[in-house]
Amino acid sequence: MEPPAQEPVGEPVRGYGIIVNWNPVGLSINSSVDILVMVLYVLLVLGIGLWTILSRSHGTVEEFYLASRNLAWWQIGASLFASNIGTGHFMGLAGRAVTSGIAIGAFEWNASFLLCVLGWIFSPIYIKAGVVTMPEYLKKRFGSNRIQFLLALLYLLLYVFNDISLEICTGAMFMRMALGLDVYLAAIVLLTVTGIYTITGGFAAVVYTNTLHAGIMVLGSVLLTGFAFKEVGGYQELLNNFLNAKPSIIHEGNWTAKPECYLPRLDSFHIFRDPITGDLPWPGMVFGVSILSLYYWCSNQIFIQMCLAGKTLSHVKGGCVLCGYLKLMPMFVIVMPGMISCILYPEKVACVVPSECEKHCGITAGCSPMAYPVLVVELLPSGIQDLMLSALLASLMSSLTSIFNSASALFTMDIYTQMRPMATEKELMVTGRFFVIILTVVTIFWIPVIETTHSEQLFVNMQAVMSSLVPPIAAIFLLAMFCRRVTEQGAFWGLTGGLLIGFIRLVSTIVYGPRSCSANNKCPPIICNIPFLYFAIFLFVVSLLTMLAISVFTDPIPDKHLPGLCWSLRKEERVDLDAEVEEKRSRPTFQAQPDVFIKPQSCLWEVCSVFCGLEPRLGPKLAPEKEPMEEMEHGATPEGTEHSDTAESSRWRNVVNTCGFLLILTTVLCHIFYH
């Protein structure tokens with residue numbers, strides 16, 4: 001489940017407010033050199049985006065949303081990692097580690113397993129299906145426009161009200177800390193920068209900039225980890241001192257904080273915890289996290305889009321393996337530094353008295369999200385500090401650009417094409433770019449709404465959204481992939497019923513608010529005492545059984561429509577359920593239209609057309625007899641054909657299989673060591 005940085009529903013909240021009142025006292029970066037480096041980094045990112053605009057064609061659907069299906073394994077892996085790791089991870093993982101220890105890091109390790117599932121099981125089916133978006137896959141699988149429309153709309157709502165909200169708020173806090181900007185102005189700056197090259201450069205610009213962001217994030221976080229362990233005295237000192245790290249002020253007047261509000265858990269260095277009393281019970285960690293990760297990595301448009309853009313299936317698998325290895329790092333470069341921050345600065349990051357917390361960070365709920373920013377400002381020298389701040393900006397921009405491009409693909413290919421089935425490719429490209437602009441504006445206007453929310457509820461509400469709405473999506477994709485008997489009626493009503501149950505739980509959680517150590521809460525036990533991971537398991541099982549039960553009483557889909565869409569029939573040819581409908585439609589072709597601009601246009605119009613990818617620009621052509629061979633060598637898809645080939649060379653298949661096995665073995669050993 002991602003992002004795993006949020007406070008679980010049903011557990012006491014120790015400081016997750018980060019919005020309106022955040023005023024990190026003593027953390028302002030006043031060095032002109034640091035600010036200059038960050039500005040130069042932003043300009044470098046814009047430069048890469050501009051280079052992508054001028055050097056690559058992005059005037060067709062396949063070019064704009066799938067980078068011409070020509071990504072190498074290292075680009076896929078780096079982009080998967082950069083799109084996943086946002087500022088919410090740096091603040092949320094480190095902040096949660098202050099109160100809970102290393103268990104939250106197991107969320108990241110779980111991703112390594114699901115990335116292998118994505119590369120070896122789900123991606124071959126998606127590629128064979130020849131789709132661009134995940135709702136489009138379900139349309140092919142069930143022949144249902146209503147499932148396609150419902151899922152596309154749900155994805156967009158999750159992106160706007162969950163992912164973007166979290167990233168904007170955490171990113172704005174860092175901008176405010178570093179540059180002294182208010183939340184609103186900081187958000188506008190960030191959205192403007194990311195929107196420019198996302199709108200113009202398309203998915204290729206997103207991938208190239210994400211690759212840079214990933215390198216900066218890894219380098220900066222590793223350097224900070226080294227300084228943090230050096231300051232605390234090494235790994236053994238972390239083990240010895242964390243359980244004794246607590247603030248000296250635990251009472252105010254006649255009020256005294258409860259021990260569980262400020263004392264680290266005794267099981268802080270264990271991943272698998274008691275199923276009843278544990279804050280992250282082991283059944284939830286094993287099954288609940290896997291369910292949420294199944295949605296996040298194997299059916300989320302943001303990440304599937306990168307796999308669909310791979311040159312070959314071997315490149316896709318290699319990218320998943322690379323990202324899997326990188327996902328082993330956050331435990332050591334984010335979670336453990338957060339625990340070190342608690343040892344070094346307990347009065348700030350582990351404060352429990354409301355007046356003390358307000359003095360240190362400007363809010364009364366707690367200051368644990370400050371854990372990582374405090375380390376950046378207090379430990380790093382000026383030369384490295386600007387690199388780390390650039391890494392934090394990189395994490396924010398990479399997440400936002402990926403969300404914007406994927407949201408544009410969902411709206412254009414799954415919603416707009418249903419409203420205008422005769423739309424030309426030029427119209428789709430204009431629509432996709434304008435949707436990014438609209439999404440940017442909506443996000444800006446959404447910020448004041450977030451600001452009026454109780455700041456301590458932000459992360460809790462984000463987690464409630466994930467655990468309440470995601471399990472039915474995971475269930476429908478799992479059955480679509482592995483159960484040939486499930487029907488359109490079963491899939492639709494199972495998905496709808498699961499979403500209805502989850503929505504009721506979500507509204508109840510938001511209305512009653514989170515439990516707090518410092519205040520009584522009237523939330524009914526059936527809502528607030530059930531860990532969010534347990535509810536995710538319950539909702540997943542209910543949705544799954546509902547889909548299967550309804551499917552038993554409805555007519556099955558003929559097998560001739562299922563080859564290439566189900567795992568058991570992945571190597572056979574099929575007849576699409578919507579083939580007749582598609583034949584009647586004038587579906588946009590993925591080819592340049594030479595007669596788009598017949599009359600000469602002004603220079604300004606031509607520049608705007610090239611900038612927005614509306615005018616086809618032919619690159620240098622190869623000799624006719626060499627072109628097909630070169631395309632095949634680089635894994636490109638011949639023009640006019642569907643990109644559905646999943647063939648692999650035996651050498652590279654063996655290489656990626658070996659790397660994947662070693663990744664799973666390493667992840668298992670990590671779980672055993674910190675069990």
# chains A, B, ... in the order shown; residues from 1 in each chain; ligands from 1

$ residues_around --residues "Ser299 of chain A" --least-positions-apart "2" --cutoff "12 Å" --atoms "only C-alpha atoms" --output "count of residues only"
44

$ residues_around --residues "segment 41-54 of chain A" --least-positions-apart "2" --cutoff "7 Å" --atoms "only C-alpha atoms" --output "list of chain:residue names"
A:Val37, A:Met38, A:Val39, A:Arg56, A:Tyr197, A:Thr200, A:Gly201, A:Ala204, A:Ala205, A:Thr209, A:Ser390, A:Phe611

$ residues_around --residues "segment 62-77 of chain A" --least-positions-apart "5" --cutoff "7 Å" --atoms "only C-alpha atoms" --output "ChimeraX atom specification"
/A:57,202-204,207,211,305-311,315-316,318-320,322-323,409,590,636

$ select_by_dssp --residues "segment 527-569 of chain A" --states "helix (DSSP H, G or I)" --output "ChimeraX atom specification"
/A:527-528,532-552,559-561,567-569

$ residues_around --residues "segment 220-235 of chain A" --least-positions-apart "2" --cutoff "7 Å" --atoms "only C-alpha atoms" --output "number ranges by chain"
A: 216-218, 237-239, 333, 337, 340, 379-380, 387-388, 391

$ residues_around --residues "Ile85 of chain A" --least-positions-apart "5" --cutoff "9 Å" --atoms "only C-alpha atoms" --output "VMD selection string"
chain A and resid 3 80 90 214 217 395 to 396 398 to 399

$ write_last_selection --atoms "N, CA and C atoms" --output "mmCIF file, in the first residue's frame"
data_model
loop_
_atom_site.group_PDB
_atom_site.id
_atom_site.type_symbol
_atom_site.label_atom_id
_atom_site.label_comp_id
_atom_site.auth_asym_id
_atom_site.auth_seq_id
_atom_site.Cartn_x
_atom_site.Cartn_y
_atom_site.Cartn_z
ATOM 1 N N PRO A 3 0.809 5.755 -0.384
ATOM 2 C CA PRO A 3 2.000 5.857 0.401
ATOM 3 C C PRO A 3 1.804 5.305 1.785
ATOM 4 N N LEU A 80 9.514 4.488 -11.824
ATOM 5 C CA LEU A 80 8.617 3.856 -10.854
ATOM 6 C C LEU A 80 8.950 4.308 -9.441
ATOM 7 N N PHE A 90 8.871 10.984 2.910
ATOM 8 C CA PHE A 90 9.944 11.483 3.773
ATOM 9 C C PHE A 90 9.400 11.958 5.116
ATOM 10 N N ALA A 214 15.106 10.573 -9.315
ATOM 11 C CA ALA A 214 15.430 9.353 -8.567
ATOM 12 C C ALA A 214 16.888 9.356 -8.134
ATOM 13 N N MET A 217 17.336 11.853 -5.277
ATOM 14 C CA MET A 217 16.728 11.375 -4.025
ATOM 15 C C MET A 217 17.587 10.311 -3.351
ATOM 16 N N SER A 395 11.386 14.800 -5.166
ATOM 17 C CA SER A 395 10.385 13.802 -4.814
ATOM 18 C C SER A 395 8.974 14.333 -5.026
ATOM 19 N N LEU A 396 8.779 15.602 -4.748
ATOM 20 C CA LEU A 396 7.463 16.206 -4.939
ATOM 21 C C LEU A 396 7.121 16.340 -6.420
ATOM 22 N N SER A 398 8.352 14.781 -9.029
ATOM 23 C CA SER A 398 8.203 13.503 -9.731
ATOM 24 C C SER A 398 6.839 12.888 -9.469
ATOM 25 N N SER A 399 6.356 12.979 -8.231
ATOM 26 C CA SER A 399 5.041 12.420 -7.920
ATOM 27 C C SER A 399 3.937 13.183 -8.633
#

$ closest_residue --among "A:Thr412, A:Ser368, A:Thr60, A:Asn300" --to "Phe149 of chain A" --atoms "only C-alpha atoms"
A:Thr412

$ atom_distance --atom1 "atom CA of Ala97 of chain A" --atom2 "atom CA of Gly338 of chain A"
5.7 Å

$ residues_around --residues "segment 547-554 of chain A" --least-positions-apart "4" --cutoff "12 Å" --atoms "only C-alpha atoms" --output "PDB file with N, CA and C atoms, in the first residue's frame"
ATOM      1  N   PHE A 142     -14.435  -7.347 -19.752  1.00  0.00           N
ATOM      2  CA  PHE A 142     -15.853  -7.573 -19.469  1.00  0.00           C
ATOM      3  C   PHE A 142     -16.786  -6.997 -20.526  1.00  0.00           C
ATOM      4  N   PRO A 472     -11.931  -3.019  -3.080  1.00  0.00           N
ATOM      5  CA  PRO A 472     -12.773  -3.502  -4.186  1.00  0.00           C
ATOM      6  C   PRO A 472     -12.080  -3.430  -5.548  1.00  0.00           C
ATOM      7  N   ILE A 473     -11.224  -2.422  -5.737  1.00  0.00           N
ATOM      8  CA  ILE A 473     -10.487  -2.318  -6.999  1.00  0.00           C
ATOM      9  C   ILE A 473      -9.506  -3.478  -7.122  1.00  0.00           C
ATOM     10  N   ALA A 475      -9.803  -6.361  -5.789  1.00  0.00           N
ATOM     11  CA  ALA A 475     -10.575  -7.593  -5.990  1.00  0.00           C
ATOM     12  C   ALA A 475     -10.981  -7.767  -7.451  1.00  0.00           C
ATOM     13  N   ILE A 476     -11.433  -6.711  -8.095  1.00  0.00           N
ATOM     14  CA  ILE A 476     -11.911  -6.847  -9.474  1.00  0.00           C
ATOM     15  C   ILE A 476     -10.760  -7.152 -10.427  1.00  0.00           C
ATOM     16  N   PHE A 477      -9.586  -6.579 -10.201  1.00  0.00           N
ATOM     17  CA  PHE A 477      -8.449  -6.874 -11.071  1.00  0.00           C
ATOM     18  C   PHE A 477      -7.924  -8.285 -10.834  1.00  0.00           C
ATOM     19  N   LEU A 478      -7.929  -8.736  -9.593  1.00  0.00           N
ATOM     20  CA  LEU A 478      -7.471 -10.092  -9.300  1.00  0.00           C
ATOM     21  C   LEU A 478      -8.368 -11.123  -9.978  1.00  0.00           C
ATOM     22  N   LEU A 479      -9.674 -10.944  -9.877  1.00  0.00           N
ATOM     23  CA  LEU A 479     -10.597 -11.886 -10.512  1.00  0.00           C
ATOM     24  C   LEU A 479     -10.555 -11.773 -12.033  1.00  0.00           C
ATOM     25  N   ALA A 480     -10.441 -10.567 -12.550  1.00  0.00           N
ATOM     26  CA  ALA A 480     -10.364 -10.395 -14.001  1.00  0.00           C
ATOM     27  C   ALA A 480      -9.160 -11.127 -14.575  1.00  0.00           C
ATOM     28  N   CYS A 483      -9.731 -15.434 -12.858  1.00  0.00           N
ATOM     29  CA  CYS A 483     -10.990 -16.183 -12.819  1.00  0.00           C
ATOM     30  C   CYS A 483     -11.772 -15.949 -14.105  1.00  0.00           C
ATOM     31  N   ARG A 484     -11.825 -16.955 -14.976  1.00  0.00           N
ATOM     32  CA  ARG A 484     -12.527 -16.824 -16.245  1.00  0.00           C
ATOM     33  C   ARG A 484     -14.041 -16.778 -16.051  1.00  0.00           C
ATOM     34  N   ARG A 485     -14.522 -17.292 -14.943  1.00  0.00           N
ATOM     35  CA  ARG A 485     -15.968 -17.404 -14.727  1.00  0.00           C
ATOM     36  C   ARG A 485     -16.624 -16.091 -14.308  1.00  0.00           C
ATOM     37  N   VAL A 486     -15.867 -15.145 -13.795  1.00  0.00           N
ATOM     38  CA  VAL A 486     -16.468 -13.903 -13.322  1.00  0.00           C
ATOM     39  C   VAL A 486     -17.063 -13.141 -14.509  1.00  0.00           C
ATOM     40  N   THR A 487     -18.250 -12.603 -14.320  1.00  0.00           N
ATOM     41  CA  THR A 487     -18.984 -11.932 -15.391  1.00  0.00           C
ATOM     42  C   THR A 487     -19.017 -10.417 -15.182  1.00  0.00           C
ATOM     43  N   GLU A 488     -19.546  -9.747 -16.199  1.00  0.00           N
ATOM     44  CA  GLU A 488     -19.646  -8.277 -16.115  1.00  0.00           C
ATOM     45  C   GLU A 488     -20.574  -7.852 -14.991  1.00  0.00           C
ATOM     46  N   GLN A 489     -21.705  -8.542 -14.841  1.00  0.00           N
ATOM     47  CA  GLN A 489     -22.653  -8.183 -13.789  1.00  0.00           C
ATOM     48  C   GLN A 489     -22.037  -8.403 -12.406  1.00  0.00           C
ATOM     49  N   GLY A 490     -21.345  -9.525 -12.229  1.00  0.00           N
ATOM     50  CA  GLY A 490     -20.703  -9.787 -10.942  1.00  0.00           C
ATOM     51  C   GLY A 490     -19.617  -8.777 -10.633  1.00  0.00           C
ATOM     52  N   ALA A 491     -18.804  -8.454 -11.638  1.00  0.00           N
ATOM     53  CA  ALA A 491     -17.725  -7.486 -11.434  1.00  0.00           C
ATOM     54  C   ALA A 491     -18.273  -6.107 -11.081  1.00  0.00           C
ATOM     55  N   PHE A 492     -19.294  -5.661 -11.826  1.00  0.00           N
ATOM     56  CA  PHE A 492     -19.821  -4.314 -11.601  1.00  0.00           C
ATOM     57  C   PHE A 492     -20.495  -4.182 -10.242  1.00  0.00           C
ATOM     58  N   TRP A 493     -21.389  -5.107  -9.912  1.00  0.00           N
ATOM     59  CA  TRP A 493     -22.123  -4.973  -8.655  1.00  0.00           C
ATOM     60  C   TRP A 493     -21.246  -5.301  -7.449  1.00  0.00           C
ATOM     61  N   GLY A 494     -20.275  -6.184  -7.610  1.00  0.00           N
ATOM     62  CA  GLY A 494     -19.324  -6.409  -6.526  1.00  0.00           C
ATOM     63  C   GLY A 494     -18.472  -5.188  -6.259  1.00  0.00           C
ATOM     64  N   LEU A 495     -18.024  -4.531  -7.342  1.00  0.00           N
ATOM     65  CA  LEU A 495     -17.247  -3.300  -7.195  1.00  0.00           C
ATOM     66  C   LEU A 495     -18.092  -2.203  -6.572  1.00  0.00           C
ATOM     67  N   THR A 496     -19.322  -2.032  -7.060  1.00  0.00           N
ATOM     68  CA  THR A 496     -20.196  -0.987  -6.529  1.00  0.00           C
ATOM     69  C   THR A 496     -20.547  -1.225  -5.069  1.00  0.00           C
ATOM     70  N   GLY A 497     -20.874  -2.473  -4.722  1.00  0.00           N
ATOM     71  CA  GLY A 497     -21.204  -2.778  -3.332  1.00  0.00           C
ATOM     72  C   GLY A 497     -20.031  -2.566  -2.393  1.00  0.00           C
ATOM     73  N   GLY A 498     -18.848  -2.992  -2.826  1.00  0.00           N
ATOM     74  CA  GLY A 498     -17.667  -2.777  -1.999  1.00  0.00           C
ATOM     75  C   GLY A 498     -17.368  -1.308  -1.791  1.00  0.00           C
ATOM     76  N   PHE A 540     -12.065  -6.450   1.173  1.00  0.00           N
ATOM     77  CA  PHE A 540     -11.576  -7.209   0.026  1.00  0.00           C
ATOM     78  C   PHE A 540     -12.313  -8.539  -0.098  1.00  0.00           C
ATOM     79  N   VAL A 541     -12.454  -9.249   1.020  1.00  0.00           N
ATOM     80  CA  VAL A 541     -13.134 -10.545   1.002  1.00  0.00           C
ATOM     81  C   VAL A 541     -14.600 -10.382   0.628  1.00  0.00           C
ATOM     82  N   VAL A 542     -15.280  -9.383   1.194  1.00  0.00           N
ATOM     83  CA  VAL A 542     -16.689  -9.146   0.872  1.00  0.00           C
ATOM     84  C   VAL A 542     -16.862  -8.836  -0.613  1.00  0.00           C
ATOM     85  N   SER A 543     -16.015  -7.978  -1.149  1.00  0.00           N
ATOM     86  CA  SER A 543     -16.103  -7.631  -2.573  1.00  0.00           C
ATOM     87  C   SER A 543     -15.841  -8.852  -3.440  1.00  0.00           C
TER      88      SER A 543
END

$ atom_distance --atom1 "atom CA of Lys327 of chain A" --atom2 "atom CA of Val193 of chain A"
26.9 Å

$ closest_residue --among "A:Gly105, A:Gly324, A:Gly195, A:Gly383" --to "Gly660 of chain A" --atoms "only C-alpha atoms"
A:Gly324

$ closest_residue --among "A:Ile168, A:Lys317, A:Asp274, A:Ala350" --to "Lys246 of chain A" --atoms "only C-alpha atoms"
A:Ala350

$ select_by_dssp --residues "segment 162-401 of chain A" --states "strand (DSSP E or B)" --output "PyMOL selection string"
chain A and resi 251-252+255-256+273+281+310

$ write_last_selection --atoms "N, CA and C atoms" --output "tab-separated table (two decimals), in the first residue's frame"
chain	number	residue	atom	x	y	z
A	251	HIS	N	3.87	16.88	31.32
A	251	HIS	CA	2.66	17.33	32.00
A	251	HIS	C	2.58	18.85	31.95
A	252	GLU	N	1.37	19.34	32.11
A	252	GLU	CA	1.11	20.78	32.10
A	252	GLU	C	-0.05	21.06	33.04
A	255	TRP	N	-2.72	18.34	34.09
A	255	TRP	CA	-2.80	17.32	33.04
A	255	TRP	C	-1.46	16.64	32.85
A	256	THR	N	-1.48	15.33	32.78
A	256	THR	CA	-0.28	14.53	32.53
A	256	THR	C	-0.55	13.59	31.37
A	273	ARG	N	3.83	-7.86	14.78
A	273	ARG	CA	3.40	-7.51	16.13
A	273	ARG	C	2.11	-8.21	16.49
A	281	PRO	N	-0.80	-4.88	13.47
A	281	PRO	CA	-0.83	-6.32	13.76
A	281	PRO	C	-0.32	-7.15	12.58
A	310	GLY	N	7.41	0.19	-21.95
A	310	GLY	CA	8.70	-0.47	-22.08
A	310	GLY	C	8.96	-0.98	-23.49

$ atom_distance --atom1 "atom CA of Leu344 of chain A" --atom2 "atom CA of Leu375 of chain A"
9.1 Å
